[in-house]
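Trainee: So that you have it, the file is structure.txt, and it contains compact mmCIF, C-alpha atoms:
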# COMPACT_ATOMS: atom_id res chain seq x y z
CA MET A 1 96.04 77.02 96.82
CA LYS A 2 99.40 75.24 96.99
CA ILE A 3 101.15 75.74 100.34
CA GLY A 4 104.82 74.90 100.79
CA CYS A 5 106.74 74.37 104.04
CA CYS A 6 110.54 74.37 103.83
CA GLN A 7 111.75 72.36 106.84
CA PHE A 8 115.48 71.98 107.33
CA MET A 9 118.35 72.02 109.83
CA PRO A 10 120.18 75.36 109.73
CA VAL A 11 123.79 75.71 110.82
CA TRP A 12 124.06 78.10 113.76
CA GLY A 13 125.52 81.47 112.79
CA GLU A 14 126.00 80.58 109.11
CA ARG A 15 123.39 82.73 107.38
CA HIS A 16 124.83 82.51 103.88
CA VAL A 17 125.26 78.73 104.13
CA ASN A 18 121.67 78.32 105.28
CA MET A 19 120.29 80.60 102.56
CA THR A 20 122.22 78.63 99.96
CA LYS A 21 120.79 75.39 101.34
CA ALA A 22 117.21 76.66 101.25
CA THR A 23 117.71 78.02 97.72
CA ALA A 24 118.97 74.61 96.60
CA MET A 25 115.98 72.89 98.21
CA LEU A 26 113.65 75.16 96.23
CA LYS A 27 115.54 74.91 92.94
CA GLU A 28 113.20 72.27 91.46
CA PHE A 29 110.17 74.51 91.87
CA LYS A 30 109.03 77.07 89.32
CA ALA A 31 106.35 79.75 89.07
CA GLY A 32 102.96 78.17 89.62
CA ASP A 33 104.19 75.28 91.77
CA ILE A 34 103.69 77.10 95.09
CA ASP A 35 101.30 79.89 96.09
CA LEU A 36 102.47 80.34 99.68
CA LEU A 37 105.92 79.36 100.97
CA VAL A 38 106.64 79.29 104.70
CA LEU A 39 110.01 78.85 106.43
CA PRO A 40 110.92 78.51 110.13
CA GLU A 41 111.53 81.06 112.87
CA LEU A 42 115.02 82.63 112.60
CA ALA A 43 115.38 80.40 109.56
CA PHE A 44 118.88 81.36 108.44
CA THR A 45 120.69 82.31 111.65
CA GLY A 46 119.91 79.47 114.00
CA TYR A 47 117.79 79.98 117.10
CA VAL A 48 119.77 79.70 120.32
CA PHE A 49 121.47 83.00 121.18
CA HIS A 50 122.58 83.75 124.73
CA ASN A 51 122.79 87.54 124.64
CA PRO A 52 122.39 90.56 122.33
CA GLN A 53 126.08 90.55 121.48
CA GLU A 54 125.85 87.06 119.97
CA ILE A 55 122.99 87.94 117.65
CA GLU A 56 124.15 91.46 116.80
CA PRO A 57 126.05 90.38 113.63
CA PHE A 58 122.85 88.88 112.24
CA VAL A 59 120.14 91.44 112.97
CA GLU A 60 118.71 93.13 109.91
CA ASP A 61 116.41 95.83 108.61
CA GLU A 62 112.83 94.88 107.74
CA ASP A 63 113.14 96.03 104.13
CA THR A 64 116.71 95.58 102.96
CA GLY A 65 118.16 92.85 105.20
CA PRO A 66 119.57 89.63 103.70
CA THR A 67 116.67 87.41 104.80
CA VAL A 68 114.02 89.84 103.57
CA GLN A 69 115.88 90.26 100.28
CA TRP A 70 116.08 86.47 99.92
CA ALA A 71 112.33 86.30 100.47
CA LYS A 72 111.73 89.00 97.86
CA ASP A 73 113.91 87.19 95.31
CA GLN A 74 112.18 83.84 95.87
CA ALA A 75 108.74 85.45 95.82
CA ARG A 76 109.42 87.01 92.42
CA ARG A 77 110.99 83.82 91.05
CA LEU A 78 108.20 81.53 92.24
CA GLN A 79 105.43 84.11 91.90
CA CYS A 80 104.22 83.28 95.40
CA PHE A 81 103.89 84.69 98.90
CA VAL A 82 106.90 84.03 101.14
CA VAL A 83 106.90 84.09 104.95
CA VAL A 84 110.20 83.64 106.82
CA GLY A 85 111.55 84.42 110.28
CA TYR A 86 114.62 86.55 111.02
CA PRO A 87 116.16 88.74 113.77
CA GLU A 88 115.18 92.36 113.19
CA CYS A 89 116.84 95.60 114.24
CA THR A 90 114.59 98.66 114.09
CA PRO A 91 115.83 102.23 113.41
CA ASP A 92 115.76 102.88 117.17
CA ASP A 93 118.12 99.89 117.71
CA LYS A 94 115.56 97.56 119.24
CA TYR A 95 115.89 93.87 118.48
CA TYR A 96 112.86 91.71 117.65
CA ASN A 97 112.26 88.09 116.72
CA SER A 98 110.33 88.86 113.53
CA LEU A 99 108.92 87.45 110.34
CA CYS A 100 108.28 89.08 107.00
CA CYS A 101 105.54 88.39 104.51
CA VAL A 102 106.38 89.20 100.89
CA ASP A 103 103.89 89.14 98.02
CA PRO A 104 104.42 87.54 94.57
CA GLN A 105 105.66 90.86 93.17
CA GLY A 106 108.47 90.91 95.74
CA THR A 107 106.97 93.61 97.94
CA ARG A 108 107.09 93.28 101.71
CA ILE A 109 103.49 93.58 102.86
CA ALA A 110 103.88 92.72 106.55
CA THR A 111 106.36 92.51 109.39
CA TYR A 112 105.21 90.66 112.48
CA ARG A 113 107.21 90.82 115.72
CA LYS A 114 106.91 87.93 118.16
CA THR A 115 104.61 88.92 121.00
CA PHE A 116 105.12 86.14 123.56
CA LEU A 117 108.84 85.51 124.03
CA TYR A 118 110.29 82.15 125.00
CA THR A 119 113.09 82.16 127.57
CA VAL A 120 115.74 81.95 124.83
CA ASP A 121 114.23 85.00 123.10
CA GLU A 122 114.33 86.97 126.34
CA ASN A 123 118.14 86.81 126.14
CA TRP A 124 118.13 89.36 123.33
CA ALA A 125 114.70 90.34 121.95
CA CYS A 126 112.01 92.87 122.87
CA GLU A 127 108.36 91.85 123.00
CA GLY A 128 106.42 92.73 119.88
CA PRO A 129 103.49 95.16 120.09
CA GLY A 130 100.79 92.48 119.74
CA PHE A 131 99.11 89.89 117.56
CA ILE A 132 97.93 90.90 114.09
CA SER A 133 95.31 89.79 111.59
CA MET A 134 95.17 91.47 108.22
CA ALA A 135 93.38 91.13 104.89
CA ILE A 136 95.76 90.11 102.10
CA ASP A 137 94.57 89.85 98.51
CA GLY A 138 95.01 86.27 97.40
CA LEU A 139 95.17 84.83 100.93
CA GLY A 140 92.16 86.24 102.78
CA LYS A 141 92.24 87.28 106.45
CA VAL A 142 95.70 86.23 107.66
CA GLY A 143 97.11 85.96 111.16
CA PHE A 144 100.81 85.50 111.85
CA GLY A 145 102.44 83.81 114.82
CA ILE A 146 105.91 82.81 115.92
CA CYS A 147 106.26 79.66 118.03
CA MET A 148 105.76 80.71 121.69
CA ASP A 149 102.86 82.95 120.66
CA LEU A 150 100.69 79.82 120.82
CA ASN A 151 101.52 79.26 124.49
CA PRO A 152 100.22 81.02 127.62
CA TYR A 153 102.09 84.28 128.21
CA GLN A 154 105.45 83.43 129.85
CA PHE A 155 103.80 80.12 130.88
CA LYS A 156 102.32 82.18 133.73
CA SER A 157 98.83 83.02 132.46
CA GLU A 158 96.03 80.47 132.71
CA PHE A 159 96.26 77.65 130.16
CA GLU A 160 92.64 78.33 129.20
CA ALA A 161 93.34 82.02 128.52
CA TYR A 162 94.20 81.05 124.93
CA GLU A 163 95.36 84.60 124.18
CA PHE A 164 96.49 83.93 120.60
CA ALA A 165 93.47 81.86 119.61
CA ARG A 166 90.91 84.20 121.19
CA PHE A 167 92.47 87.15 119.36
CA HIS A 168 91.95 85.36 116.05
CA VAL A 169 88.39 84.36 116.93
CA GLY A 170 87.66 88.05 117.45
CA HIS A 171 89.26 88.99 114.14
CA GLN A 172 87.70 86.14 112.13
CA THR A 173 91.09 85.02 110.85
CA GLN A 174 90.92 82.53 107.98
CA LEU A 175 94.59 81.54 107.64
CA ILE A 176 97.06 81.25 110.52
CA ILE A 177 100.73 81.08 109.53
CA CYS A 178 103.30 80.21 112.20
CA CYS A 179 107.07 80.20 111.83
CA MET A 180 108.45 77.78 114.42
CA ALA A 181 111.61 76.79 116.24
CA TRP A 182 109.66 74.44 118.50
CA LEU A 183 111.67 72.19 120.78
CA LYS A 184 111.11 68.46 120.97
CA ASN A 185 109.15 67.26 123.99
CA ASP A 186 107.35 64.29 122.48
CA ASP A 187 106.73 62.63 119.12
CA VAL A 188 105.70 64.64 116.07
CA THR A 189 101.99 63.87 116.20
CA SER A 190 101.84 64.86 119.87
CA THR A 191 103.48 68.19 119.01
CA ILE A 192 100.91 68.87 116.29
CA ARG A 193 98.06 67.89 118.62
CA TYR A 194 99.37 70.39 121.18
CA TRP A 195 99.49 73.18 118.59
CA LEU A 196 95.87 72.42 117.68
CA GLN A 197 94.91 72.28 121.35
CA ARG A 198 96.20 75.83 121.69
CA LEU A 199 93.78 76.83 118.90
CA PHE A 200 90.80 75.35 120.76
CA PRO A 201 88.67 78.55 120.92
CA LEU A 202 88.81 78.83 117.11
CA ILE A 203 87.82 75.19 116.72
CA GLU A 204 85.08 75.38 119.37
CA ASN A 205 83.72 78.52 117.72
CA GLY A 206 83.14 76.60 114.51
CA SER A 207 85.56 78.85 112.64
CA GLU A 208 86.68 77.74 109.20
CA PHE A 209 90.41 78.30 108.86
CA ARG A 210 93.71 76.82 107.76
CA PHE A 211 96.69 76.41 110.06
CA VAL A 212 100.19 76.33 108.57
CA ALA A 213 103.21 75.70 110.80
CA CYS A 214 106.77 75.48 109.50
CA ASN A 215 109.23 74.19 112.08
CA ARG A 216 112.92 73.43 111.87
CA THR A 217 114.72 70.21 112.69
CA GLY A 218 118.07 69.12 114.14
CA THR A 219 120.00 69.88 117.32
CA GLU A 220 121.62 73.23 118.13
CA ARG A 221 123.70 74.13 121.17
CA GLY A 222 122.13 71.30 123.16
CA ASP A 223 118.51 71.87 122.07
CA THR A 224 116.68 69.45 119.76
CA PHE A 225 113.85 70.67 117.56
CA ALA A 226 110.60 68.86 116.90
CA GLY A 227 110.03 69.10 113.13
CA GLY A 228 106.39 68.42 112.38
CA SER A 229 105.76 71.18 109.83
CA CYS A 230 102.13 70.77 108.87
CA VAL A 231 99.09 72.06 107.02
CA VAL A 232 95.78 71.58 108.83
CA ASP A 233 92.23 72.28 107.63
CA ILE A 234 89.59 73.11 110.26
CA ARG A 235 85.91 73.62 109.51
CA ASP A 236 82.72 73.02 111.52
CA GLN A 237 84.82 71.72 114.44
CA GLU A 238 86.31 69.01 112.19
CA ILE A 239 90.10 68.81 112.00
CA GLU A 240 91.97 67.38 109.03
CA THR A 241 95.75 67.27 109.16
CA ILE A 242 96.35 67.28 105.43
CA ARG A 243 100.04 66.46 105.68
CA TYR A 244 102.97 66.81 108.06
CA MET A 245 106.72 66.24 108.07
CA GLY A 246 108.78 64.01 110.34
CA GLU A 247 111.02 65.09 113.19
CA SER A 248 114.27 64.82 111.22
CA GLU A 249 112.86 65.21 107.72
CA GLN A 250 114.35 67.94 105.55
CA GLY A 251 112.69 69.11 102.38
CA VAL A 252 109.88 71.15 100.87
CA MET A 253 106.41 69.79 101.54
CA VAL A 254 103.75 71.13 99.14
CA VAL A 255 100.07 70.49 99.72
CA GLU A 256 97.00 71.80 97.92
CA VAL A 257 94.06 73.16 99.89
CA ASP A 258 90.76 74.85 99.08
CA MET A 259 90.61 78.50 100.10
Could you quickly redo this structure as structure tokens?
Mentor:
Amino acid sequence: MKIGCCQFMPVWGERHVNMTKATAMLKEFKAGDIDLLVLPELAFTGYVFHNPQEIEPFVEDEDTGPTVQWAKDQARRLQCFVVVGYPECTPDDKYYNSLCCVDPQGTRIATYRKTFLYTVDENWACEGPGFISMAIDGLGKVGFGICMDLNPYQFKSEFEAYEFARFHVGHQTQLIICCMAWLKNDDVTSTIRYWLQRLFPLIENGSEFRFVACNRTGTERGDTFAGGSCVVDIRDQEIETIRYMGESEQGVMVVEVDM
């Protein structure tokens, strides 16, 4: 399986500009080059919003919104699965920090709503209903996450609670896909090591799974993002980071893994 991570620096509040940039970055790829394409959290809007009013112009429906439609178009063109983050508005006018998963036929097969909100998310988003793991033909048992989901709940629960990882141990998840807008605290390799540390129960359990994280890069409204998009193979408690991207690197990283 060929997994692609599209890491870039979006312009805050410029959805069309950011979509155009991502489309241009993917232009060289054709059907068969990528089987699974992952983009960051809130990929096309930027991440730092201070209140619901700021993000209101950008929230979208889970089926017909601009980001979801972009994903459907790229999925059909590349004949691959596409996972991308966006701000969602539900029919009852609730806002969520969400991602969509679209299959190679251009059909949305999953919406995941971020369960553990970071402080910036709390400015405008509702908590999602909970973690999910689902069987997807062509991918296996898939779990989705968005950034803060890896952390202890509100940074208040015990570090060793490992809520996200223990959920996926229980559901025997084979592929974990995370859309990220992870802030820089250290160098890239330290960031990746922390992500893997948060998956410790899966590793300790001897689970065989793949971890795909697509982060963004750049600085936005005073916050700097960590980059470090990566594809990691874990089996029999052995960890192999197949490839990762640098802190400021922009581009589409494609790696091939056994599934």
Trainee: Taking only C-alpha atoms into account, name the residue in A:Ser248, A:Ser207, A:Thr224, A:Asn151 that is nearest to Trp195 (chain A).
Mentor: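 Closest candidate: A:Asn151.
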Trainee: Which protein, DNA or RNA residues have an atom at most 12 Å from (84.2, 70.2, 108.8), counting all atoms listed in the file? List them as a list in words.
Mentor: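 The residues near that point, listed by chain and number, are Ile203, Glu204, Gly206, Ser207, Glu208, Phe209, Arg210, Val232, Asp233, Ile234, Arg235, Asp236, Gln237, Glu238, Ile239, Glu240 and Thr241 of chain A.
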Trainee: Just the selected residues (C-alpha atoms), exported as a short mmCIF file (atom, residue, chain, number, x, y, z; two decimals), in the coordinates of the input, please.
Mentor:
data_model
loop_
_atom_site.label_atom_id
_atom_site.label_comp_id
_atom_site.auth_asym_id
_atom_site.auth_seq_id
_atom_site.Cartn_x
_atom_site.Cartn_y
_atom_site.Cartn_z
CA ILE A 203 87.82 75.19 116.72
CA GLU A 204 85.08 75.38 119.37
CA GLY A 206 83.14 76.60 114.51
CA SER A 207 85.56 78.85 112.64
CA GLU A 208 86.68 77.74 109.20
CA PHE A 209 90.41 78.30 108.86
CA ARG A 210 93.71 76.82 107.76
CA VAL A 232 95.78 71.58 108.83
CA ASP A 233 92.23 72.28 107.63
CA ILE A 234 89.59 73.11 110.26
CA ARG A 235 85.91 73.62 109.51
CA ASP A 236 82.72 73.02 111.52
CA GLN A 237 84.82 71.72 114.44
CA GLU A 238 86.31 69.01 112.19
CA ILE A 239 90.10 68.81 112.00
CA GLU A 240 91.97 67.38 109.03
CA THR A 241 95.75 67.27 109.16
#
Trainee: Compile the contact shell of Asn123 (chain A) as a VMD selection string: residues with an atom at most 12 Å away, counting all atoms listed in the file, same-chain residues fewer than 3 positions apart removed.
Mentor: chain A and resid 47 to 55 95 to 97 117 to 120 126 to 127
Trainee: By how many Å are CA of Ser157 (chain A) and CA of Thr115 (chain A) apart?
Mentor: 14.1 Å
Trainee: Would you be able to write out as a ChimeraX atom specification which residues have an atom within 8 Å of (94.9, 81.9, 124.7) in the file's coordinates, counting only C-alpha atoms?
Mentor: /A:150-152,159-167,198-199
Trainee: Name the closest residue to Phe144 (chain A) among the candidates A:Ala125, A:Ile3, A:Val38, A:Val17; distances are taken between atoms, counting only C-alpha atoms.
Mentor: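 Ranking A:Ala125, A:Ile3, A:Val38, A:Val17 by distance to Phe144 (chain A), first place goes to A:Val38.
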Trainee: Name the residues in contact with Phe8 (chain A) at a cut-off of 10 Å, using all atoms listed in the file, excluding same-chain residues fewer than 6 positions from it; report them as a list in words.
Mentor: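 Surrounding residues, per the criterion: Asn18, Lys21, Ala22, Met25, Leu39, Pro40, Ala43, Cys214, Asn215, Arg216, Thr217, Gly218, Gly227, Ser248, Glu249, Gln250, Gly251 and Val252 of chain A.
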Trainee: Hey, can you check how far CA of Tyr194 (chain A) sits from CA of Thr173 (chain A)?
Mentor: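 Result for CA of Tyr194 (chain A) versus CA of Thr173 (chain A): 19.7 Å, one decimal.
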Trainee: Using all atoms listed in the file, which residue out of A:Val142, A:Ile136, A:Val255, A:Met180 lies closest to His168 (chain A)?
Mentor: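 Comparing A:Val142, A:Ile136, A:Val255, A:Met180 against His168 (chain A), the winner is A:Val142.
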Trainee: Which residue, A:Cys178, A:Ala31, A:Ala75, A:Ala110, has the smallest gap to Glu62 (chain A) when you use only C-alpha atoms?
Mentor: A:Ala110
Trainee: Separation of CA of Asp63 (chain A) and CA of Pro91 (chain A), in Å?
Mentor: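 Atom-to-atom, CA of Asp63 (chain A) to CA of Pro91 (chain A), that is 11.5 Å.
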Trainee: For Gly85 (chain A), which of A:Val11, A:Ile132, A:Val169, A:Cys6 is the closest residue, counting only C-alpha atoms?
Mentor: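 Checking each candidate against Gly85 (chain A), we get A:Cys6 as the closest.
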Trainee: Using all atoms listed in the file, which of the listed residues (A:Phe58, A:Thr64, A:Ser133, A:Gly32) sits closest to Glu14 (chain A)?
Mentor: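 Result for the nearest residue to Glu14 (chain A): A:Phe58.
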Trainee: At a cut-off of 9 Å, using only C-alpha atoms, what residues contact Leu139 (chain A)? Leave out same-chain residues fewer than 2 positions from it and give the result as number ranges by chain.
Mentor: A: 1, 36, 81, 135-137, 141-142, 174-175, 259
Trainee: Can you list, as a list in words, every protein, DNA or RNA residue that comes within 9 Å of Ile109 (chain A) when you count only C-alpha atoms, leaving out same-chain residues fewer than 4 positions away?
Mentor: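 The filter keeps Cys100, Cys101, Val102, Asp103 and Ile136 of chain A.
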